[in-house]
Every structure is written in C-alpha cells, then in structure tokens.
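This is target_19.tsv. It holds TSV, C-alpha atoms.
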```
chain	number	residue	atom	x	y	z
A	1	MET	CA	-1.31	-30.33	10.30
A	2	GLU	CA	-4.91	-30.36	11.47
A	3	GLN	CA	-7.62	-28.25	9.83
A	4	GLN	CA	-8.02	-26.15	12.97
A	5	GLU	CA	-4.32	-25.32	12.95
A	6	LYS	CA	-4.38	-24.49	9.29
A	7	PHE	CA	-7.38	-22.24	9.98
A	8	GLU	CA	-5.38	-20.42	12.67
A	9	TYR	CA	-2.44	-19.99	10.34
A	10	ILE	CA	-4.56	-18.45	7.58
A	11	LEU	CA	-6.30	-16.24	10.14
A	12	ARG	CA	-2.93	-14.74	11.06
A	13	LEU	CA	-2.30	-13.85	7.44
A	14	GLY	CA	-5.76	-12.38	6.99
A	15	ASP	CA	-5.87	-10.49	10.28
A	16	ASN	CA	-2.53	-8.79	9.60
A	17	SER	CA	-3.90	-7.39	6.35
A	18	LEU	CA	-7.27	-6.50	7.83
A	19	ILE	CA	-6.04	-4.64	10.91
A	20	LEU	CA	-3.38	-2.66	9.06
A	21	GLY	CA	-5.89	-1.89	6.31
A	22	GLN	CA	-8.37	-0.58	8.88
A	23	ARG	CA	-5.67	1.53	10.54
A	24	LEU	CA	-4.57	3.08	7.25
A	25	GLY	CA	-8.20	3.78	6.39
A	26	GLU	CA	-8.26	6.17	9.35
A	27	TRP	CA	-6.07	8.49	7.28
A	28	CYS	CA	-8.91	9.03	4.81
A	29	GLY	CA	-9.48	12.78	4.71
A	30	HIS	CA	-6.60	13.42	7.13
A	31	GLY	CA	-3.49	12.85	4.98
A	32	PRO	CA	-0.76	15.50	5.09
A	33	ALA	CA	-1.40	16.21	1.39
A	34	LEU	CA	-4.13	15.14	-0.98
A	35	GLU	CA	-1.71	12.92	-2.91
A	36	GLU	CA	-0.60	11.12	0.23
A	37	ASP	CA	-4.16	10.79	1.47
A	38	ILE	CA	-4.99	8.89	-1.70
A	39	ALA	CA	-1.80	6.81	-1.52
A	40	LEU	CA	-2.45	5.64	2.05
A	41	THR	CA	-6.08	4.80	1.40
A	42	ASN	CA	-5.15	2.97	-1.83
A	43	ILE	CA	-2.79	0.84	0.21
A	44	SER	CA	-5.54	0.34	2.77
A	45	LEU	CA	-7.85	-0.98	0.06
A	46	ASP	CA	-5.16	-3.35	-1.23
A	47	LEU	CA	-4.76	-4.73	2.28
A	48	ILE	CA	-8.48	-5.15	2.86
A	49	GLY	CA	-8.69	-6.97	-0.48
A	50	GLN	CA	-5.98	-9.35	0.69
A	51	ALA	CA	-7.78	-9.82	4.00
A	52	ARG	CA	-10.99	-10.75	2.18
A	53	SER	CA	-9.21	-13.47	0.21
A	54	PHE	CA	-7.54	-14.93	3.29
A	55	LEU	CA	-10.59	-14.77	5.55
A	56	ASP	CA	-12.85	-16.24	2.90
A	57	TYR	CA	-10.43	-19.13	2.56
A	58	ALA	CA	-9.99	-19.45	6.33
A	59	GLY	CA	-13.75	-19.81	6.71
A	60	LYS	CA	-13.80	-22.63	4.17
A	61	VAL	CA	-10.89	-24.41	5.83
A	62	GLU	CA	-12.62	-24.14	9.20
A	63	GLY	CA	-15.76	-25.67	7.73
A	64	ASN	CA	-18.26	-24.11	10.15
A	65	GLY	CA	-19.94	-21.95	7.54
A	66	ARG	CA	-18.35	-18.67	8.62
A	67	ASP	CA	-17.70	-16.30	5.73
A	68	GLU	CA	-15.25	-13.38	5.51
A	69	ASP	CA	-17.71	-10.91	7.02
A	70	GLN	CA	-18.48	-13.11	9.99
A	71	LEU	CA	-14.80	-13.57	10.66
A	72	ALA	CA	-14.05	-9.87	10.32
A	73	PHE	CA	-16.98	-8.42	12.24
A	74	PHE	CA	-18.02	-11.03	14.78
A	75	ARG	CA	-14.78	-11.96	16.52
A	76	ASP	CA	-13.54	-10.25	19.66
A	77	VAL	CA	-10.06	-9.07	20.55
A	78	ARG	CA	-8.87	-12.40	21.92
A	79	GLN	CA	-9.84	-14.18	18.71
A	80	TYR	CA	-7.78	-11.86	16.51
A	81	ARG	CA	-4.41	-13.19	15.37
A	82	ASN	CA	-2.61	-10.14	13.91
A	83	VAL	CA	0.80	-9.11	15.23
A	84	ILE	CA	0.75	-6.26	17.74
A	85	LEU	CA	2.76	-3.92	15.50
A	86	LEU	CA	-0.16	-3.47	13.13
A	87	GLU	CA	-2.76	-2.39	15.69
A	88	GLN	CA	-0.53	0.41	17.00
A	89	PRO	CA	-2.14	3.84	16.48
A	90	ASN	CA	-1.29	5.86	13.39
A	91	GLY	CA	0.40	8.61	15.41
A	92	HIS	CA	1.86	11.25	13.11
A	93	PHE	CA	2.70	10.62	9.47
A	94	GLY	CA	6.23	9.45	10.34
A	95	ASP	CA	4.87	6.87	12.80
A	96	THR	CA	2.55	5.51	10.13
A	97	ILE	CA	5.35	5.36	7.55
A	98	ALA	CA	7.75	3.65	9.96
A	99	ARG	CA	5.14	1.01	10.87
A	100	GLN	CA	4.38	0.52	7.20
A	101	PHE	CA	8.05	0.27	6.29
A	102	LEU	CA	8.70	-2.49	8.85
A	103	TYR	CA	5.65	-4.43	7.70
A	104	ASP	CA	6.03	-3.91	3.93
A	105	HIS	CA	9.51	-5.38	3.94
A	106	TYR	CA	8.11	-8.37	5.81
A	107	SER	CA	5.02	-8.84	3.63
A	108	PHE	CA	7.03	-8.64	0.41
A	109	LEU	CA	9.25	-11.51	1.59
A	110	LEU	CA	6.26	-13.34	3.06
A	111	TYR	CA	4.38	-13.42	-0.24
A	112	SER	CA	7.54	-14.28	-2.19
A	113	GLU	CA	7.88	-17.38	0.01
A	114	LEU	CA	4.17	-18.13	0.17
A	115	MET	CA	4.13	-18.47	-3.62
A	116	LYS	CA	6.07	-21.70	-3.07
A	117	SER	CA	3.48	-23.10	-0.64
A	118	ALA	CA	1.96	-26.53	-1.21
A	119	ASP	CA	-1.48	-24.96	-0.81
A	120	GLU	CA	-2.76	-23.76	-4.19
A	121	GLN	CA	-5.17	-21.22	-2.75
A	122	LEU	CA	-2.45	-19.55	-0.68
A	123	VAL	CA	-0.19	-19.51	-3.75
A	124	ALA	CA	-2.91	-17.75	-5.73
A	125	ILE	CA	-3.50	-15.11	-3.05
A	126	ALA	CA	0.25	-14.54	-2.67
A	127	ALA	CA	0.75	-14.18	-6.43
A	128	LYS	CA	-1.94	-11.52	-6.60
A	129	SER	CA	-0.74	-9.70	-3.49
A	130	ILE	CA	2.95	-9.57	-4.32
A	131	LYS	CA	2.37	-6.92	-7.00
A	132	GLU	CA	0.53	-4.76	-4.50
A	133	VAL	CA	3.05	-5.06	-1.71
A	134	THR	CA	5.96	-4.45	-4.09
A	135	TYR	CA	4.48	-1.00	-4.55
A	136	HIS	CA	3.74	-0.58	-0.83
A	137	ARG	CA	7.34	-1.37	-0.01
A	138	ARG	CA	8.58	1.13	-2.54
A	139	HIS	CA	6.24	3.81	-1.22
A	140	SER	CA	7.22	3.44	2.44
A	141	SER	CA	10.94	2.99	1.67
A	142	GLU	CA	11.03	6.14	-0.46
A	143	TRP	CA	9.41	8.03	2.40
A	144	MET	CA	11.88	6.65	4.94
A	145	ILE	CA	14.70	7.93	2.73
A	146	ARG	CA	13.13	11.35	2.27
A	147	LEU	CA	12.24	11.83	5.91
A	148	GLY	CA	15.56	10.44	7.17
A	149	ASP	CA	17.66	12.36	4.70
A	150	GLY	CA	15.34	15.38	4.77
A	151	THR	CA	15.32	18.24	7.25
A	152	GLU	CA	16.76	18.16	10.76
A	153	GLU	CA	13.27	17.97	12.20
A	154	SER	CA	12.10	15.15	9.93
A	155	LYS	CA	15.23	13.14	10.67
A	156	VAL	CA	14.77	13.37	14.43
A	157	LYS	CA	11.09	12.52	14.20
A	158	ILE	CA	11.39	9.52	11.89
A	159	GLN	CA	14.28	8.12	13.93
A	160	GLU	CA	12.08	8.33	17.03
A	161	SER	CA	9.21	6.60	15.25
A	162	LEU	CA	11.53	3.89	14.01
A	163	ASN	CA	13.15	3.32	17.40
A	164	TYR	CA	9.78	3.07	19.10
A	165	LEU	CA	8.18	0.70	16.60
A	166	TRP	CA	11.29	-1.43	16.17
A	167	ASN	CA	10.46	-3.28	19.40
A	168	TYR	CA	7.28	-4.48	17.74
A	169	SER	CA	9.02	-5.90	14.65
A	170	GLY	CA	10.23	-9.15	16.21
A	171	GLU	CA	6.88	-10.88	16.49
A	172	MET	CA	6.22	-11.22	12.77
A	173	LEU	CA	9.79	-12.45	12.16
A	174	THR	CA	9.99	-15.04	14.94
A	175	PRO	CA	8.41	-18.44	14.34
A	176	ASP	CA	6.32	-20.00	17.10
A	177	SER	CA	5.15	-23.61	17.22
A	178	LEU	CA	2.29	-23.05	14.77
A	179	ASP	CA	4.60	-21.32	12.26
A	180	LYS	CA	6.97	-24.27	12.50
A	181	LYS	CA	4.18	-26.79	12.00
A	182	ALA	CA	2.92	-24.91	8.95
A	183	LEU	CA	6.43	-24.84	7.52
A	184	ALA	CA	6.90	-28.56	8.15
A	185	ALA	CA	3.57	-29.26	6.45
A	186	GLY	CA	4.79	-27.40	3.37
A	187	ILE	CA	2.02	-24.81	3.70
A	188	GLY	CA	3.73	-22.04	5.62
A	189	VAL	CA	6.81	-19.91	5.14
A	190	ASP	CA	10.25	-20.08	6.72
A	191	LEU	CA	10.29	-17.06	9.03
A	192	GLU	CA	13.94	-17.50	9.96
A	193	LYS	CA	14.90	-17.21	6.32
A	194	ILE	CA	12.59	-14.21	5.90
A	195	ALA	CA	14.06	-12.54	8.98
A	196	LYS	CA	17.56	-12.77	7.58
A	197	HIS	CA	16.58	-11.09	4.30
A	198	TRP	CA	14.39	-8.62	6.12
A	199	HIS	CA	17.27	-7.39	8.27
A	200	ALA	CA	19.53	-6.97	5.25
A	201	ASN	CA	16.90	-5.13	3.17
A	202	VAL	CA	15.81	-2.87	6.02
A	203	ALA	CA	19.41	-2.02	6.90
A	204	ASP	CA	20.06	-1.13	3.27
A	205	VAL	CA	17.19	1.39	3.12
A	206	LEU	CA	18.06	2.86	6.52
A	207	ALA	CA	21.62	3.43	5.34
A	208	GLN	CA	20.30	5.34	2.32
A	209	ALA	CA	18.05	7.28	4.68
A	210	THR	CA	21.07	8.10	6.89
A	211	LEU	CA	19.14	6.67	9.84
A	212	ASP	CA	20.55	4.55	12.65
A	213	LEU	CA	19.59	0.91	12.74
A	214	PRO	CA	17.86	0.51	16.12
A	215	GLU	CA	19.27	-2.04	18.51
A	216	SER	CA	17.28	-5.23	18.74
A	217	GLY	CA	16.44	-5.95	22.34
A	218	TRP	CA	13.30	-7.20	24.00
A	219	MET	CA	10.38	-7.51	21.60
A	220	HIS	CA	6.63	-7.14	22.14
A	221	SER	CA	4.62	-10.18	21.15
A	222	GLY	CA	1.35	-11.96	21.84
A	223	GLY	CA	-0.91	-10.95	18.98
A	224	LYS	CA	-0.41	-14.21	17.12
A	225	LYS	CA	-1.91	-16.00	20.12
A	226	GLY	CA	-4.67	-13.46	20.67
A	227	VAL	CA	-2.99	-11.43	23.43
A	228	HIS	CA	-3.17	-7.85	22.21
A	229	SER	CA	-2.33	-4.32	23.27
A	230	GLU	CA	-5.08	-2.04	24.57
A	231	HIS	CA	-5.46	-0.42	21.13
A	232	LEU	CA	-7.07	-3.30	19.26
A	233	GLY	CA	-10.35	-3.20	21.17
A	234	PHE	CA	-10.99	0.41	20.15
A	235	LEU	CA	-10.13	-0.35	16.55
A	236	LEU	CA	-12.53	-3.30	16.50
A	237	ALA	CA	-15.27	-1.26	18.17
A	238	GLU	CA	-15.16	1.23	15.33
A	239	MET	CA	-14.81	-1.39	12.61
A	240	GLN	CA	-17.50	-3.74	13.93
A	241	HIS	CA	-20.04	-1.29	15.28
A	242	ILE	CA	-22.40	-1.22	12.28
A	243	PRO	CA	-22.54	-4.95	11.47
A	244	ARG	CA	-23.04	-5.76	15.15
A	245	SER	CA	-25.81	-3.20	15.55
A	246	TYR	CA	-27.56	-4.35	12.37
A	247	PRO	CA	-26.37	-7.95	11.87
A	248	ASP	CA	-28.42	-8.67	8.76
A	249	ALA	CA	-28.18	-5.26	7.15
A	250	LYS	CA	-27.63	-5.25	3.39
A	251	TRP	CA	-26.42	-2.45	1.16
B	1	MET	CA	1.98	22.53	9.57
B	2	SER	CA	4.12	24.40	7.09
B	3	LYS	CA	2.18	26.37	4.52
B	4	LYS	CA	4.85	25.88	1.94
B	5	ASN	CA	3.63	23.50	-0.75
B	6	TRP	CA	5.61	20.78	-2.45
B	7	PRO	CA	6.55	21.65	-6.05
B	8	LEU	CA	3.88	21.24	-8.70
B	9	PHE	CA	4.22	18.61	-11.42
B	10	GLU	CA	2.21	18.21	-14.60
B	11	VAL	CA	1.21	14.61	-15.31
B	12	PHE	CA	1.03	12.93	-18.71
B	13	ILE	CA	-0.34	9.43	-19.12
B	14	ARG	CA	-0.33	7.05	-22.05
B	15	SER	CA	-3.45	4.97	-21.78
B	16	ARG	CA	-2.56	2.32	-24.36
B	17	GLN	CA	0.29	1.25	-26.59
B	18	GLY	CA	0.31	3.32	-29.75
B	19	LEU	CA	-1.30	6.37	-28.22
B	20	SER	CA	0.68	9.41	-27.20
B	21	HIS	CA	1.00	10.67	-23.65
B	22	LYS	CA	-1.86	12.96	-22.77
B	23	HIS	CA	-1.98	15.66	-20.14
B	24	VAL	CA	-4.29	14.50	-17.35
B	25	GLY	CA	-3.70	17.05	-14.62
B	26	SER	CA	-1.21	18.11	-12.01
B	27	LEU	CA	-0.15	17.24	-8.49
B	28	HIS	CA	2.26	18.18	-5.74
B	29	ALA	CA	5.21	15.98	-4.81
B	30	THR	CA	8.52	16.28	-2.99
B	31	ASP	CA	10.47	15.36	-6.13
B	32	ALA	CA	10.09	13.71	-9.53
B	33	GLU	CA	10.26	10.09	-8.30
B	34	MET	CA	7.58	10.73	-5.73
B	35	ALA	CA	5.55	12.54	-8.39
B	36	ILE	CA	5.49	9.33	-10.43
B	37	GLU	CA	4.23	7.41	-7.40
B	38	ASN	CA	1.63	10.03	-6.61
B	39	ALA	CA	0.52	10.08	-10.23
B	40	ARG	CA	0.11	6.33	-10.10
B	41	ASP	CA	-2.16	6.68	-7.09
B	42	VAL	CA	-4.07	9.75	-8.17
B	43	TYR	CA	-4.49	9.18	-11.90
B	44	THR	CA	-4.22	5.44	-12.66
B	45	ARG	CA	-6.41	3.90	-9.97
B	46	ARG	CA	-8.95	2.80	-12.55
B	47	GLN	CA	-6.52	1.30	-15.05
B	48	GLU	CA	-6.20	4.47	-17.07
B	49	GLY	CA	-2.55	4.10	-17.94
B	50	GLU	CA	0.48	2.10	-18.82
B	51	SER	CA	3.10	4.84	-18.90
B	52	ILE	CA	3.50	8.02	-16.89
B	53	TRP	CA	5.52	11.17	-17.48
B	54	VAL	CA	5.85	13.93	-14.93
B	55	VAL	CA	7.26	17.36	-15.69
B	56	PRO	CA	7.94	20.15	-13.19
B	57	ALA	CA	5.26	22.74	-13.92
B	58	SER	CA	7.90	25.45	-13.57
B	59	GLU	CA	9.78	23.99	-16.55
B	60	ILE	CA	6.91	24.42	-18.98
B	61	THR	CA	7.06	27.36	-21.37
B	62	ALA	CA	3.65	28.22	-22.76
B	63	SER	CA	2.51	30.36	-25.64
B	64	SER	CA	0.76	33.55	-24.72
B	65	PRO	CA	-2.99	33.90	-25.33
B	66	ASP	CA	-2.29	37.48	-26.52
B	67	GLU	CA	-0.44	36.15	-29.54
B	68	LYS	CA	-3.33	33.97	-30.64
B	69	ASP	CA	-3.99	35.92	-33.84
B	70	SER	CA	-0.48	35.87	-35.18
B	71	MET	CA	0.16	32.31	-34.05
B	72	TYR	CA	-2.87	30.43	-35.32
B	73	ASP	CA	-5.06	32.47	-37.61
B	74	PRO	CA	-2.77	32.34	-40.67
B	75	ALA	CA	-3.37	28.55	-40.92
B	76	ASN	CA	-7.13	28.99	-41.23
B	77	ASP	CA	-7.36	29.69	-44.96
B	78	LYS	CA	-4.71	27.17	-46.10
B	79	ILE	CA	-7.00	24.23	-46.57
B	80	TYR	CA	-4.39	22.34	-48.65
B	81	ARG	CA	-2.41	21.75	-45.47
B	82	HIS	CA	-5.11	19.51	-44.05
B	83	PRO	CA	-5.16	15.86	-45.11
B	84	THR	CA	-8.93	15.88	-45.43
B	85	PHE	CA	-9.00	14.67	-49.04
B	86	TYR	CA	-7.79	11.16	-48.32
B	87	ASP	CA	-9.94	8.15	-47.46
B	88	LEU	CA	-8.31	6.28	-44.60
B	89	PRO	CA	-8.79	2.52	-44.32
B	90	ASP	CA	-10.68	1.39	-41.22
B	91	GLU	CA	-7.71	-0.61	-39.94
B	92	LEU	CA	-5.83	2.60	-39.32
B	93	LYS	CA	-6.80	3.60	-35.83
B	94	HIS	CA	-5.66	6.51	-33.69
B	95	MET	CA	-4.80	8.80	-36.63
```
Mind turning this structure into structure tokens?
Amino acid sequence: MEQQEKFEYILRLGDNSLILGQRLGEWCGHGPALEEDIALTNISLDLIGQARSFLDYAGKVEGNGRDEDQLAFFRDVRQYRNVILLEQPNGHFGDTIARQFLYDHYSFLLYSELMKSADEQLVAIAAKSIKEVTYHRRHSSEWMIRLGDGTEESKVKIQESLNYLWNYSGEMLTPDSLDKKALAAGIGVDLEKIAKHWHANVADVLAQATLDLPESGWMHSGGKKGVHSEHLGFLLAEMQHIPRSYPDAKW
Amino acid sequence: MSKKNWPLFEVFIRSRQGLSHKHVGSLHATDAEMAIENARDVYTRRQEGESIWVVPASEITASSPDEKDSMYDPANDKIYRHPTFYDLPDELKHM
C-alpha cells in the first residue's frame, strides 16, 4: 500500500469523527434538556478528539507538512472523505439519535478491529477511542429503546428517522477498493466482518425497542471518494469560516 | 414541547476508593438507568468520580427544619460523645 493510499484511508477515519463531531456540536445550547445537551456535546468533544489524533497522523503519513488544523480547515468538500450519513442535518432529536445509533454500532466494531491493525499508531488511537465509543453506543441504544418503546408519538417519529437514515448506513459497511487494499496490507479493518456483527447488534437493539428493522435496499454512497450531499458545504462553511478569514490567528 | 419534566434524581458520587458517596446535586432523567448516564455526563466530566448512585428525589424523606431544637441541640453539651481526646496517627486518612 502506497503512502498516498494510506493517507486517504486515515483521512476517512478522521473525517468521519470530525464531521459527526461538528454536527453534534450544533446541539450546544439547543438540547431537549440540559442533561442531554451536555451528553451530546460531550460526545461531540470525544469525536473531535479522535479526529485530531487521526488527522495529525494522516498529515505525518502524507509527509507534506500539513498538520491537523490545515487538514480540518483548509480542505474543500471534494477533499473530504467522511461517509454521507454523518453530514446529514441534525433534524429533530430522534433524527440525531438514529444517526448516532447507526454510526456508534459501526464505530465500536471498527475500533475493536482496528486494535488488531499492523499500524501501531492506529492501534493506539483505537485503544483510546474504544472506551469513548462504548459509552456513545450505550447512550444512543438506550435512547432508541426508550423512544421506540415509549409513547405512540415517539415510536412513530423514531421509526421514521430510522427508516430515512437507514439508506445511508450501507456506505460505511461496504468495502471499496481502498478498504480492501488496507485490509490486505494488514492496516485496515474487515468491513464485511464488521457488517455482519453490525446487523446482528442493531437488530438486537431494535427488537428491544419494538421497532421494525428497515428493509435494506439501495444505499447512498460517495462520501468516501469525496462525492458528498449538498449539506457538507454548509457545514464546512461554518466550521472553516474563522481560520480561513484569519489564517494565522492564534488564541 | 411538553412542559412536563422528567422525574428528578439526586446524585451521589464517590470520588475515590475509601471515601463515601457524597451528594453532588440533582438532575432530570427518564428513568434510573438514564439518570446514571446523565450523572456521568453532568457530574464526572472532570474525573470527579469512580462510583455513582442515583436516587429518585421523591423517595427521600428529610427531617424537618422545625424540629431542629429537639433533634440536634441535646447533643451539644455531651462532649464525651466526641472522640476529640485521641491523637490519630497521620497514616489514618479520611477519618
């Protein structure tokens, strides 16, 4: 595997954390209850911390002197490598929880597998992150159960959120050529194996939540190759505005 | 949005092994399990704890401030009940 390909692979990991972290940060001051406001922004901070580790490492692998800030704030939409699911707008609380639920079950399995990588740095980041995402997964799963098995209104709403976002879940679980190369090189994870466990775990929680497992049909994809939905540009505009206006600004 | 609040829970946190759980505040949660999670986020973000208890606030029975005199004053003049005459070795912490 060439350095450039390895760089791309690590970017995918970092961009997933960064974009979801930025999205969750939008809840700051807007949570449905103070406790949940703090929970969502805590998770956001965990994700941004993971993104920093990955992007810092990606910059070193690339070898062009770009640091984590340059990668986060000075790339445009087409250079971002996160899956499309994570840039989808927060919507209402149920939409955010459903998106989080689909991703948390993936990221837990991802980091479990990444801890077996041949790359020591990725192992270290995964070992640190797995504790965080274990909690994230618990948080979003408990909410799925409470909203699904809650009131009539909450059940209808969370089922709608789940059905809508389900069509975005395939991209992170389906290996493309780069994923396969990374796996063959011993660096990356086996997405087919992860997908199998993911489906079982997700189905288990949905059964507890008395929700219907959505049917898997056509899936959105493209983010891993830099082809995004219309939402990412707006997110980046907000996130990158200050560093781009004042490129050398220091705190 | 519904104006009805989630039930209130009182939160107790043990900051280190050997110490007792201490009341740190309260929060709202849908149920006890979620209260533990909320307490983790609200009260242990800066490594304050290693064990959490939550108790429904409605389950707490408190003494009445009106009974202060009869409850506590009689202990005031019984100095022999206080272990103030012993020298404790320095190794004994958290007494």
Exercise for review: Would you work out the distance separating atom CA of A:Glu113 from atom CA of A:Val189, expressed in Å to one decimal?
Suggested key: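 Atom CA of A:Val189 lies 5.8 Å from atom CA of A:Glu113.
Across A:Leu24, A:Ile97, A:Met172, A:Val133, the tightest approach to A:Ile38 is made by A:Leu24 when counting all atoms listed in the file.
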Proximity of chain B to chain A: per-residue shortest pair, 9 Å limit, all atoms listed in the file, as CSV:
```
residue,atom,partner,partner_atom,distance
B:Met1,CA,A:Pro32,CA,8.8
B:Leu27,CA,A:Glu35,CA,7.2
B:His28,CA,A:Glu35,CA,7.2
B:Ala29,CA,A:Glu35,CA,7.8
B:Thr30,CA,A:Arg146,CA,8.6
B:Glu33,CA,A:Glu142,CA,8.8
B:Met34,CA,A:Glu142,CA,7.8
B:Glu37,CA,A:His139,CA,7.4
B:Asn38,CA,A:Glu35,CA,5.8
B:Ala39,CA,A:Glu35,CA,8.2
B:Arg40,CA,A:Ala39,CA,8.8
B:Asp41,CA,A:Ala39,CA,5.6
B:Val42,CA,A:Glu35,CA,6.6
B:Arg45,CA,A:Asn42,CA,8.3
```
Study note, to complete from the structure: Between atom CA of A:Asp15 and atom CA of A:Ala51 lies a distance of 6.6 Å
Review point. Quick one: distance from atom CA of B:Pro56 to atom CA of B:Ser20 in Å, one decimal?
Key: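 For atom CA of B:Pro56 relative to atom CA of B:Ser20, the distance reads 19.1 Å.
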Would you be able to write out as a PDB file with C-alpha atoms, keeping the file's coordinate frame which residues have an atom within 12 Å of (5.1, 3.1, 15.9) in the file's coordinates, counting only C-alpha atoms?
```pdb
ATOM      1  CA  ILE A  84       0.750  -6.260  17.740  1.00  0.00           C
ATOM      2  CA  LEU A  85       2.760  -3.920  15.500  1.00  0.00           C
ATOM      3  CA  LEU A  86      -0.160  -3.470  13.130  1.00  0.00           C
ATOM      4  CA  GLU A  87      -2.760  -2.390  15.690  1.00  0.00           C
ATOM      5  CA  GLN A  88      -0.530   0.410  17.000  1.00  0.00           C
ATOM      6  CA  PRO A  89      -2.140   3.840  16.480  1.00  0.00           C
ATOM      7  CA  ASN A  90      -1.290   5.860  13.390  1.00  0.00           C
ATOM      8  CA  GLY A  91       0.400   8.610  15.410  1.00  0.00           C
ATOM      9  CA  HIS A  92       1.860  11.250  13.110  1.00  0.00           C
ATOM     10  CA  PHE A  93       2.700  10.620   9.470  1.00  0.00           C
ATOM     11  CA  GLY A  94       6.230   9.450  10.340  1.00  0.00           C
ATOM     12  CA  ASP A  95       4.870   6.870  12.800  1.00  0.00           C
ATOM     13  CA  THR A  96       2.550   5.510  10.130  1.00  0.00           C
ATOM     14  CA  ILE A  97       5.350   5.360   7.550  1.00  0.00           C
ATOM     15  CA  ALA A  98       7.750   3.650   9.960  1.00  0.00           C
ATOM     16  CA  ARG A  99       5.140   1.010  10.870  1.00  0.00           C
ATOM     17  CA  GLN A 100       4.380   0.520   7.200  1.00  0.00           C
ATOM     18  CA  PHE A 101       8.050   0.270   6.290  1.00  0.00           C
ATOM     19  CA  LEU A 102       8.700  -2.490   8.850  1.00  0.00           C
ATOM     20  CA  TYR A 103       5.650  -4.430   7.700  1.00  0.00           C
ATOM     21  CA  LYS A 157      11.090  12.520  14.200  1.00  0.00           C
ATOM     22  CA  ILE A 158      11.390   9.520  11.890  1.00  0.00           C
ATOM     23  CA  GLN A 159      14.280   8.120  13.930  1.00  0.00           C
ATOM     24  CA  GLU A 160      12.080   8.330  17.030  1.00  0.00           C
ATOM     25  CA  SER A 161       9.210   6.600  15.250  1.00  0.00           C
ATOM     26  CA  LEU A 162      11.530   3.890  14.010  1.00  0.00           C
ATOM     27  CA  ASN A 163      13.150   3.320  17.400  1.00  0.00           C
ATOM     28  CA  TYR A 164       9.780   3.070  19.100  1.00  0.00           C
ATOM     29  CA  LEU A 165       8.180   0.700  16.600  1.00  0.00           C
ATOM     30  CA  TRP A 166      11.290  -1.430  16.170  1.00  0.00           C
ATOM     31  CA  ASN A 167      10.460  -3.280  19.400  1.00  0.00           C
ATOM     32  CA  TYR A 168       7.280  -4.480  17.740  1.00  0.00           C
ATOM     33  CA  SER A 169       9.020  -5.900  14.650  1.00  0.00           C
TER      34      SER A 169
END
```
Check your understanding: Residues around (-5.0, -11.9, 5.3), cut-off 6 Å, counting all atoms listed in the file - what are they as an NGL selection string?
Key -> :A and (13-17 or 50-51 or 54)
Please produce a file of those selected residues containing C-alpha atoms, as a short mmCIF file (atom, residue, chain, number, x, y, z; two decimals), in the coordinates of the input.
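Final file, again.cif:
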```
data_model
loop_
_atom_site.label_atom_id
_atom_site.label_comp_id
_atom_site.auth_asym_id
_atom_site.auth_seq_id
_atom_site.Cartn_x
_atom_site.Cartn_y
_atom_site.Cartn_z
CA LEU A 13 -2.30 -13.85 7.44
CA GLY A 14 -5.76 -12.38 6.99
CA ASP A 15 -5.87 -10.49 10.28
CA ASN A 16 -2.53 -8.79 9.60
CA SER A 17 -3.90 -7.39 6.35
CA GLN A 50 -5.98 -9.35 0.69
CA ALA A 51 -7.78 -9.82 4.00
CA PHE A 54 -7.54 -14.93 3.29
#
```
Review point. Within 6 Å of B:Arg14, counting only C-alpha atoms, which residues qualify if same-chain residues fewer than 5 places away don't, as a ChimeraX atom specification?
Key: /B:20-21,49-51
Point to revise | Shell of 9 Å around A:Lys155, only C-alpha atoms, local chain residues under 6 positions omitted, as a count of residues only | key: 7
Practice item. Using all atoms listed in the file, determine which residues lie at most 9 Å from stretch 59-63 of chain A, disregarding the query and same-chain residues fewer than 2 positions distant; provide the list as a PyMOL selection string. Key: chain A and resi 3-4+6-8+10-11+54-57+65-68+70-71
Output for the residues just chosen: C-alpha atoms as a short mmCIF file (atom, residue, chain, number, x, y, z; two decimals), in the frame of the given file:
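Written out: selection17.cif:
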```
data_model
loop_
_atom_site.label_atom_id
_atom_site.label_comp_id
_atom_site.auth_asym_id
_atom_site.auth_seq_id
_atom_site.Cartn_x
_atom_site.Cartn_y
_atom_site.Cartn_z
CA GLN A 3 -7.62 -28.25 9.83
CA GLN A 4 -8.02 -26.15 12.97
CA LYS A 6 -4.38 -24.49 9.29
CA PHE A 7 -7.38 -22.24 9.98
CA GLU A 8 -5.38 -20.42 12.67
CA ILE A 10 -4.56 -18.45 7.58
CA LEU A 11 -6.30 -16.24 10.14
CA PHE A 54 -7.54 -14.93 3.29
CA LEU A 55 -10.59 -14.77 5.55
CA ASP A 56 -12.85 -16.24 2.90
CA TYR A 57 -10.43 -19.13 2.56
CA GLY A 65 -19.94 -21.95 7.54
CA ARG A 66 -18.35 -18.67 8.62
CA ASP A 67 -17.70 -16.30 5.73
CA GLU A 68 -15.25 -13.38 5.51
CA GLN A 70 -18.48 -13.11 9.99
CA LEU A 71 -14.80 -13.57 10.66
#
```
Study note, to complete from the structure: Min atom-atom distance to A:Ala126 from the set A:Gly25, A:Leu20, A:Glu192, A:Ser53, counting all atoms listed in the file, belongs to A:Ser53
**Study point:** Nearby residues (only C-alpha atoms) at most 12 Å from B:Ser15, same-chain spacing under 6 positions excluded, as a PyMOL selection string
**Key:** chain B and resi 21-24+43-44+46-53
Leaving out B:Glu59 and any residue of its chain fewer than 5 positions from it, which residues lie within 12 Å of it when counting all atoms listed in the file, given as a short mmCIF file (atom, residue, chain, number, x, y, z; two decimals) with C-alpha atoms, keeping the file's coordinate frame?
```cif
data_model
loop_
_atom_site.label_atom_id
_atom_site.label_comp_id
_atom_site.auth_asym_id
_atom_site.auth_seq_id
_atom_site.Cartn_x
_atom_site.Cartn_y
_atom_site.Cartn_z
CA PRO B 7 6.55 21.65 -6.05
CA LEU B 8 3.88 21.24 -8.70
CA PHE B 9 4.22 18.61 -11.42
CA GLU B 10 2.21 18.21 -14.60
CA VAL B 54 5.85 13.93 -14.93
#
```
Practice item. Would you please work out which residue, of A:Val77, A:Leu18, A:Ala185, A:Ala118, is nearest to A:His231 when using all atoms listed in the file? Key: A:Val77
